[in-house]
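Below is one structure, written out as structure tokens; comments come after it.
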Amino acid sequence: MILESGHSLVDVLAIAKIHPFYVSDVQYPPDAHAIRATRDKAAKNPAESDLRAQPLLRKKDLVYASVTGGGFGSKPLFFATDVHENRRHRANFGRFIQSMGIIKHGDWVLTMHTSGELYRSLDLILEILENAGASVLGAGHLMSSSDVVRLLVDYHVSILCGDSSQIAQTMHYISTLTQEERSKLHITQIIYTSETLTPAQRAHIGVVLGPVKICSIMGSAEAGPYAISNPDLTGKNTSAGYEDFVYDTRDTVFEILPPSFSEEGSNPELVEEGEQGIIAQTSLARLRNPLVRYITGDIGSLHPLPEEAKGLIPENDWPHLRVLRLQGRDRRFSFDFDGEYIEFHNLTTLLNNAELGVLQWQVILDKIEGSAESSLEVRLLCSPRDGKLISEEAVTDRIRTFFHAYSGNEHRFRLVYLRNLNGFQRSSTGRKVIKFIDHFN
């Protein structure tokens, strides 16, 4: 067995029925005594547990209490977790990615993941990779590209790890080096997280490093890590717009809702296997604060494990492994910049704040010319400053904080104050200002 047994679906659903995430008149999560009593009761009547009878869970319904990942697009993304569950989950997932062929014992890995400001992706990645048997250098996100490359050379690092934007940034830097300098690198594999690498970014990696293996780890603040992408198992993805992830049904349950489903919708029938739709996730690794039928904001479809992958995986695990084909974020609700998901409703709330005095705004996601890196430009038309409005400097600080603009992505973020509407891009028909323009995807 790859994973130690997670919690049973019967137990998870039973705890959900007494938890404030799902029951409006419950104020606090259950304590250990209440959990034990509820599990004992559920064990006597397992037939009463029906996942489809549980209401769908939306992000706005959650109460956040501790950080496991998250984003900078609004309030810090807290999610109530149990420290002992987290340790067990990370250990299990480390063994999972080793069994899936992403890490082998003794691998040298350097990770550039982010830490600080309540964000903990660095310690999450360090822990699961170490549990997989790797030796890991925690470079973090503030280390310069030149220092990262120096470490890669000095330690003969074979695996470079980071979110997709960090990988693209490092590849761009390496591309500026001489062939003699590049020849000192020993990278044979990339492991990325966050937004899927675009075909252009993958092609650029191949040009810079040669035929390296590109893998991915998928997770979230709400569910923790739960799936991996390995081309040895699912084939090399040459198609634009999706990535295949292998997951264990003993750890996670996925349901696919119709594409027409609205965040405010009821409980629709699920789509057929292989059909694309909105992903709802139930975690069997979370019990004290369960995650049940959570609408992730992603688009995807479910598929069986490819036959050719079975030769690389223990036979006992075949029935439990499936493929989630991830198409990306539901662009109706959010977009990605620098590995962070920006929720449209949070962006609108920020810019509609009266004390900012923003009359019109536009956000443009694009590419840096001559590079596969993303760029973001925010255009604002503001009222003249008066006693009721905060200063332009304060507006700038709030917007930079919202998009987490810092020294590492300064060259890819731009804030522009306009004097009139002529500086905005408009629709070709109604000549309306387009709030969000995506030239990157």
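Scheme for the structure tokens: letters A, B, ... for chains in order shown; per-chain residue numbers from 1; ligand numbers from 1 in order shown.
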
In segment 203-428 of chain A, DSSP strand (DSSP E) residues written as JSON, numbers by chain: {"A": [213, 214, 215, 216, 217, 218, 219, 220, 224, 225, 226, 227, 228, 229, 243, 244, 245, 246, 247, 248, 252, 253, 254, 255, 256, 257, 277, 278, 279, 280, 281, 282, 283, 294, 295, 296, 297, 298, 299, 300, 301, 302, 303, 304, 321, 322, 323, 324, 325, 326, 327, 328, 329, 334, 335, 336, 337, 340, 341, 342, 343, 358, 359, 360, 361, 362, 363, 364, 365, 366, 367, 374, 375, 376, 377, 378, 379, 380, 381, 382, 413, 414, 415, 416, 417, 418]}

Pick from A:Leu326, A:Leu381, A:Val433, A:Ala223, whichever lies nearest to Val292 of chain A using only C-alpha atoms: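 So, comparing all the options, the nearest one is A:Ala223.
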
Selection: 9 Å around Val12 of chain A, only C-alpha atoms, excl. self and same-chain fewer than 4 positions, as a ChimeraX atom specification: /A:7-8,16-17,39,282-292

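Of note, atom CA of Gln327 of chain A and atom CA of Asp298 of chain A are spaced 7.4 Å apart.
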
Counting only C-alpha atoms, which of A:Asn267, A:Ser115, A:Gln281, A:Thr170 gets nearest to Arg293 of chain A?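 Answer, going by the shortest atom-to-atom distance: A:Gln281.
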
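Rounded to one decimal, atom CA of Ala37 of chain A and atom CA of Val10 of chain A lie 13.5 Å from each other.
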
I'd like to know which of A:Asn131, A:Ile97, A:Arg88, A:Ile191 is closest to Leu110 of chain A, using only C-alpha atoms. A:Ile191

So how far away is atom CA of Gly300 of chain A from atom CA of Ser229 of chain A, in Å?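 If I compute the distance from atom CA of Ser229 of chain A to atom CA of Gly300 of chain A, I get 14.1 Å.
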
Residues of segment 79-164 of chain A in helix (DSSP H, G or I), written as a PyMOL selection string: chain A and resi 83-99+121-131+145-154+164

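Counting only C-alpha atoms, the residue from A:Val157, A:Asp11, A:Arg322, A:Ala80 that sits nearest to Trp108 of chain A is A:Val157.
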
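Nearest to Arg325 of chain A of all the residues A:Ile205, A:Ala200, A:Ile18, A:Ile279 is A:Ile279, counting only C-alpha atoms.
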
Test item: residues at most 8 Å from Asp107 of chain A, only C-alpha atoms, excluding those fewer than 4 positions along its chain, as an MDAnalysis selection string: chainID A and resid 103 133:135 158:159

Please produce a file of the residues just selected, as a compact mmCIF listing (two decimals), in the first residue's frame, where the atoms kept are N, CA and C atoms.
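File produced: out22.txt:
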```txt
# COMPACT_ATOMS: atom_id res chain seq x y z
N ILE A 103 10.61 11.08 -6.80
CA ILE A 103 11.82 11.18 -5.97
C ILE A 103 12.34 9.78 -5.70
N GLY A 133 12.60 10.95 0.79
CA GLY A 133 13.96 10.43 0.74
C GLY A 133 14.97 11.35 0.11
N ALA A 134 14.57 12.59 -0.22
CA ALA A 134 15.49 13.53 -0.86
C ALA A 134 16.25 14.34 0.17
N SER A 135 17.41 14.84 -0.23
CA SER A 135 18.12 15.88 0.52
C SER A 135 17.77 17.20 -0.14
N SER A 158 20.36 17.82 -8.71
CA SER A 158 19.78 17.18 -9.89
C SER A 158 18.32 17.58 -10.13
N ILE A 159 17.64 18.10 -9.10
CA ILE A 159 16.22 18.45 -9.23
C ILE A 159 16.00 19.88 -8.76
```

Please determine, counting only C-alpha atoms, which residue among A:Ile174, A:Ile15, A:Val358, A:Ala168 has the shortest atom-to-atom distance to Gly339 of chain A.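 Nearest candidate to Gly339 of chain A out of A:Ile174, A:Ile15, A:Val358, A:Ala168: A:Ala168.
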